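Below is one structure, written out as structure tokens; the observations come after it.
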Amino acid sequence: MISYKPFQKMLIDINLKKQDVIKMAGISNATMAKLNTNEYVSLEVIDKLCNALDCQPGDIMEYVPDKE
């Protein structure tokens with residue numbers, strides 16, 4: 001599974017509100033909700049976030065193996 005915990009942590013670390021990121025990156029509230037619940041988002045969204053936050057994909061997401 002892909003986790004967006006690093007994204008959440010980044011927002012806290014740089015003191016940025018989710019609504020600010022929505023405006024900066026040009027993403028929807030629904031997309032932000034998906035990020036909050038670790039749902040699938042497109043690479044286009046990842047590209048927009050990385051551009052707005054000046055970061056790499058690995059800075060905002062991580063792979064977490066499924067527990068079996």
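A note on labels: chains of the structure tokens are A, B, ... as shown, every chain counts residues from 1, and ligands are counted from 1 in their shown order.
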
Would you give me, as a PyMOL selection string, the residues in chain A that DSSP reads as alpha helix (DSSP H)?
chain A and resi 5-13+18-25+29-36+43-53+57-60

9 Å contact set for stretch 48-63 of chain A, only C-alpha atoms, chain neighbours under 5 positions out, as a ChimeraX atom specification:
/A:1-10,21-22,24-27,43

Convert the current residue selection to file output with all heavy atoms, as a tab-separated table (two decimals), in the first residue's frame.
chain	number	residue	atom	x	y	z
A	1	MET	N	0.85	-1.18	0.00
A	1	MET	CA	0.00	0.00	0.00
A	1	MET	C	0.89	1.24	0.00
A	1	MET	O	1.98	1.23	0.54
A	1	MET	CB	-0.91	-0.08	1.22
A	1	MET	CG	-1.18	1.25	1.90
A	1	MET	SD	-2.32	1.12	3.25
A	1	MET	CE	-1.26	1.74	4.52
A	2	ILE	N	0.38	2.29	-0.60
A	2	ILE	CA	1.07	3.57	-0.58
A	2	ILE	C	0.49	4.40	0.56
A	2	ILE	O	-0.72	4.54	0.68
A	2	ILE	CB	0.91	4.33	-1.92
A	2	ILE	CG1	1.51	3.53	-3.07
A	2	ILE	CG2	1.52	5.73	-1.83
A	2	ILE	CD1	3.01	3.32	-2.98
A	3	SER	N	1.37	4.95	1.38
A	3	SER	CA	0.96	5.79	2.51
A	3	SER	C	1.41	7.22	2.24
A	3	SER	O	2.51	7.45	1.75
A	3	SER	CB	1.60	5.28	3.80
A	3	SER	OG	1.40	6.21	4.85
A	4	TYR	N	0.55	8.15	2.58
A	4	TYR	CA	0.88	9.57	2.43
A	4	TYR	C	1.19	10.22	3.77
A	4	TYR	O	1.11	11.44	3.92
A	4	TYR	CB	-0.26	10.30	1.71
A	4	TYR	CG	-0.47	9.78	0.31
A	4	TYR	CD1	-1.52	8.91	0.02
A	4	TYR	CD2	0.41	10.12	-0.71
A	4	TYR	CE1	-1.68	8.40	-1.25
A	4	TYR	CE2	0.24	9.61	-1.99
A	4	TYR	CZ	-0.80	8.76	-2.25
A	4	TYR	OH	-0.96	8.25	-3.51
A	5	LYS	N	1.59	9.41	4.76
A	5	LYS	CA	1.98	9.96	6.06
A	5	LYS	C	3.12	10.97	5.95
A	5	LYS	O	3.09	11.99	6.63
A	5	LYS	CB	2.36	8.84	7.04
A	5	LYS	CG	1.20	8.26	7.77
A	5	LYS	CD	1.68	7.31	8.86
A	5	LYS	CE	0.49	6.71	9.58
A	5	LYS	NZ	0.90	5.76	10.60
A	6	PRO	N	4.11	10.72	5.08
A	6	PRO	CA	5.17	11.73	4.95
A	6	PRO	C	4.63	13.08	4.47
A	6	PRO	O	5.13	14.13	4.87
A	6	PRO	CB	6.13	11.12	3.91
A	6	PRO	CG	5.90	9.65	4.02
A	6	PRO	CD	4.44	9.51	4.33
A	7	PHE	N	3.59	13.05	3.64
A	7	PHE	CA	2.95	14.28	3.19
A	7	PHE	C	2.30	15.01	4.36
A	7	PHE	O	2.48	16.22	4.53
A	7	PHE	CB	1.90	13.95	2.11
A	7	PHE	CG	1.03	15.10	1.70
A	7	PHE	CD1	1.57	16.21	1.07
A	7	PHE	CD2	-0.33	15.06	1.92
A	7	PHE	CE1	0.76	17.27	0.68
A	7	PHE	CE2	-1.14	16.10	1.53
A	7	PHE	CZ	-0.60	17.21	0.92
A	8	GLN	N	1.58	14.25	5.19
A	8	GLN	CA	0.94	14.86	6.36
A	8	GLN	C	1.99	15.47	7.30
A	8	GLN	O	1.81	16.58	7.82
A	8	GLN	CB	0.12	13.80	7.13
A	8	GLN	CG	-0.85	13.00	6.29
A	8	GLN	CD	-1.92	13.83	5.62
A	8	GLN	OE1	-2.24	14.91	6.07
A	8	GLN	NE2	-2.46	13.35	4.53
A	9	LYS	N	3.08	14.74	7.50
A	9	LYS	CA	4.15	15.22	8.38
A	9	LYS	C	4.79	16.48	7.80
A	9	LYS	O	5.08	17.42	8.53
A	9	LYS	CB	5.19	14.13	8.59
A	9	LYS	CG	6.27	14.53	9.58
A	9	LYS	CD	7.28	13.41	9.79
A	9	LYS	CE	8.34	13.74	10.80
A	9	LYS	NZ	8.92	15.05	10.74
A	10	MET	N	4.99	16.48	6.49
A	10	MET	CA	5.59	17.65	5.84
A	10	MET	C	4.73	18.90	6.08
A	10	MET	O	5.26	19.98	6.38
A	10	MET	CB	5.75	17.42	4.34
A	10	MET	CG	6.29	18.64	3.60
A	10	MET	SD	6.30	18.44	1.81
A	10	MET	CE	7.78	17.47	1.63
A	21	VAL	N	-2.54	24.09	0.47
A	21	VAL	CA	-1.97	23.15	-0.51
A	21	VAL	C	-2.94	22.95	-1.66
A	21	VAL	O	-2.54	22.89	-2.83
A	21	VAL	CB	-1.62	21.80	0.15
A	21	VAL	CG1	-1.15	20.80	-0.89
A	21	VAL	CG2	-0.57	21.99	1.22
A	22	ILE	N	-4.23	22.86	-1.35
A	22	ILE	CA	-5.25	22.70	-2.40
A	22	ILE	C	-5.15	23.84	-3.40
A	22	ILE	O	-5.15	23.62	-4.61
A	22	ILE	CB	-6.66	22.62	-1.76
A	22	ILE	CG1	-6.84	21.27	-1.06
A	22	ILE	CG2	-7.75	22.84	-2.80
A	22	ILE	CD1	-8.07	21.16	-0.20
A	24	MET	N	-2.47	25.97	-3.81
A	24	MET	CA	-1.13	26.02	-4.40
A	24	MET	C	-0.96	24.98	-5.52
A	24	MET	O	-0.38	25.27	-6.56
A	24	MET	CB	-0.06	25.75	-3.33
A	24	MET	CG	0.14	26.85	-2.33
A	24	MET	SD	1.18	26.33	-0.93
A	24	MET	CE	2.65	25.73	-1.73
A	25	ALA	N	-1.47	23.78	-5.27
A	25	ALA	CA	-1.27	22.67	-6.21
A	25	ALA	C	-2.38	22.56	-7.24
A	25	ALA	O	-2.25	21.84	-8.23
A	25	ALA	CB	-1.13	21.36	-5.44
A	26	GLY	N	-3.49	23.25	-7.01
A	26	GLY	CA	-4.61	23.16	-7.94
A	26	GLY	C	-5.29	21.81	-7.91
A	26	GLY	O	-5.67	21.26	-8.94
A	27	ILE	N	-5.43	21.25	-6.71
A	27	ILE	CA	-6.12	19.96	-6.56
A	27	ILE	C	-7.47	20.20	-5.87
A	27	ILE	O	-7.70	21.25	-5.29
A	27	ILE	CB	-5.28	18.93	-5.77
A	27	ILE	CG1	-4.99	19.41	-4.35
A	27	ILE	CG2	-3.98	18.62	-6.52
A	27	ILE	CD1	-4.31	18.39	-3.46
A	43	LEU	N	-0.62	10.03	-10.83
A	43	LEU	CA	0.72	10.61	-10.87
A	43	LEU	C	0.64	12.10	-11.19
A	43	LEU	O	1.52	12.87	-10.79
A	43	LEU	CB	1.59	9.89	-11.88
A	43	LEU	CG	2.12	8.54	-11.44
A	43	LEU	CD1	2.90	7.88	-12.57
A	43	LEU	CD2	3.00	8.67	-10.22

Long-range neighbours of A:Ala33 as an NGL selection string, 12 Å cut-off, only C-alpha atoms, 3 positions minimum in chain
:A and (4 or 8 or 18-19 or 22 or 27-30 or 36-41)

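Across the structure, atom CA of A:Val64 and atom CA of A:Lys23 are spaced 28.6 Å apart.
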
Can you tell me, as a PyMOL selection string, which residues in chain A count as strand (DSSP E) by DSSP?
chain A and resi 2-3+62-63

How many Å lie between atom CA of A:Met32 and atom CA of A:Ile46, rounded to one decimal?
11.3 Å
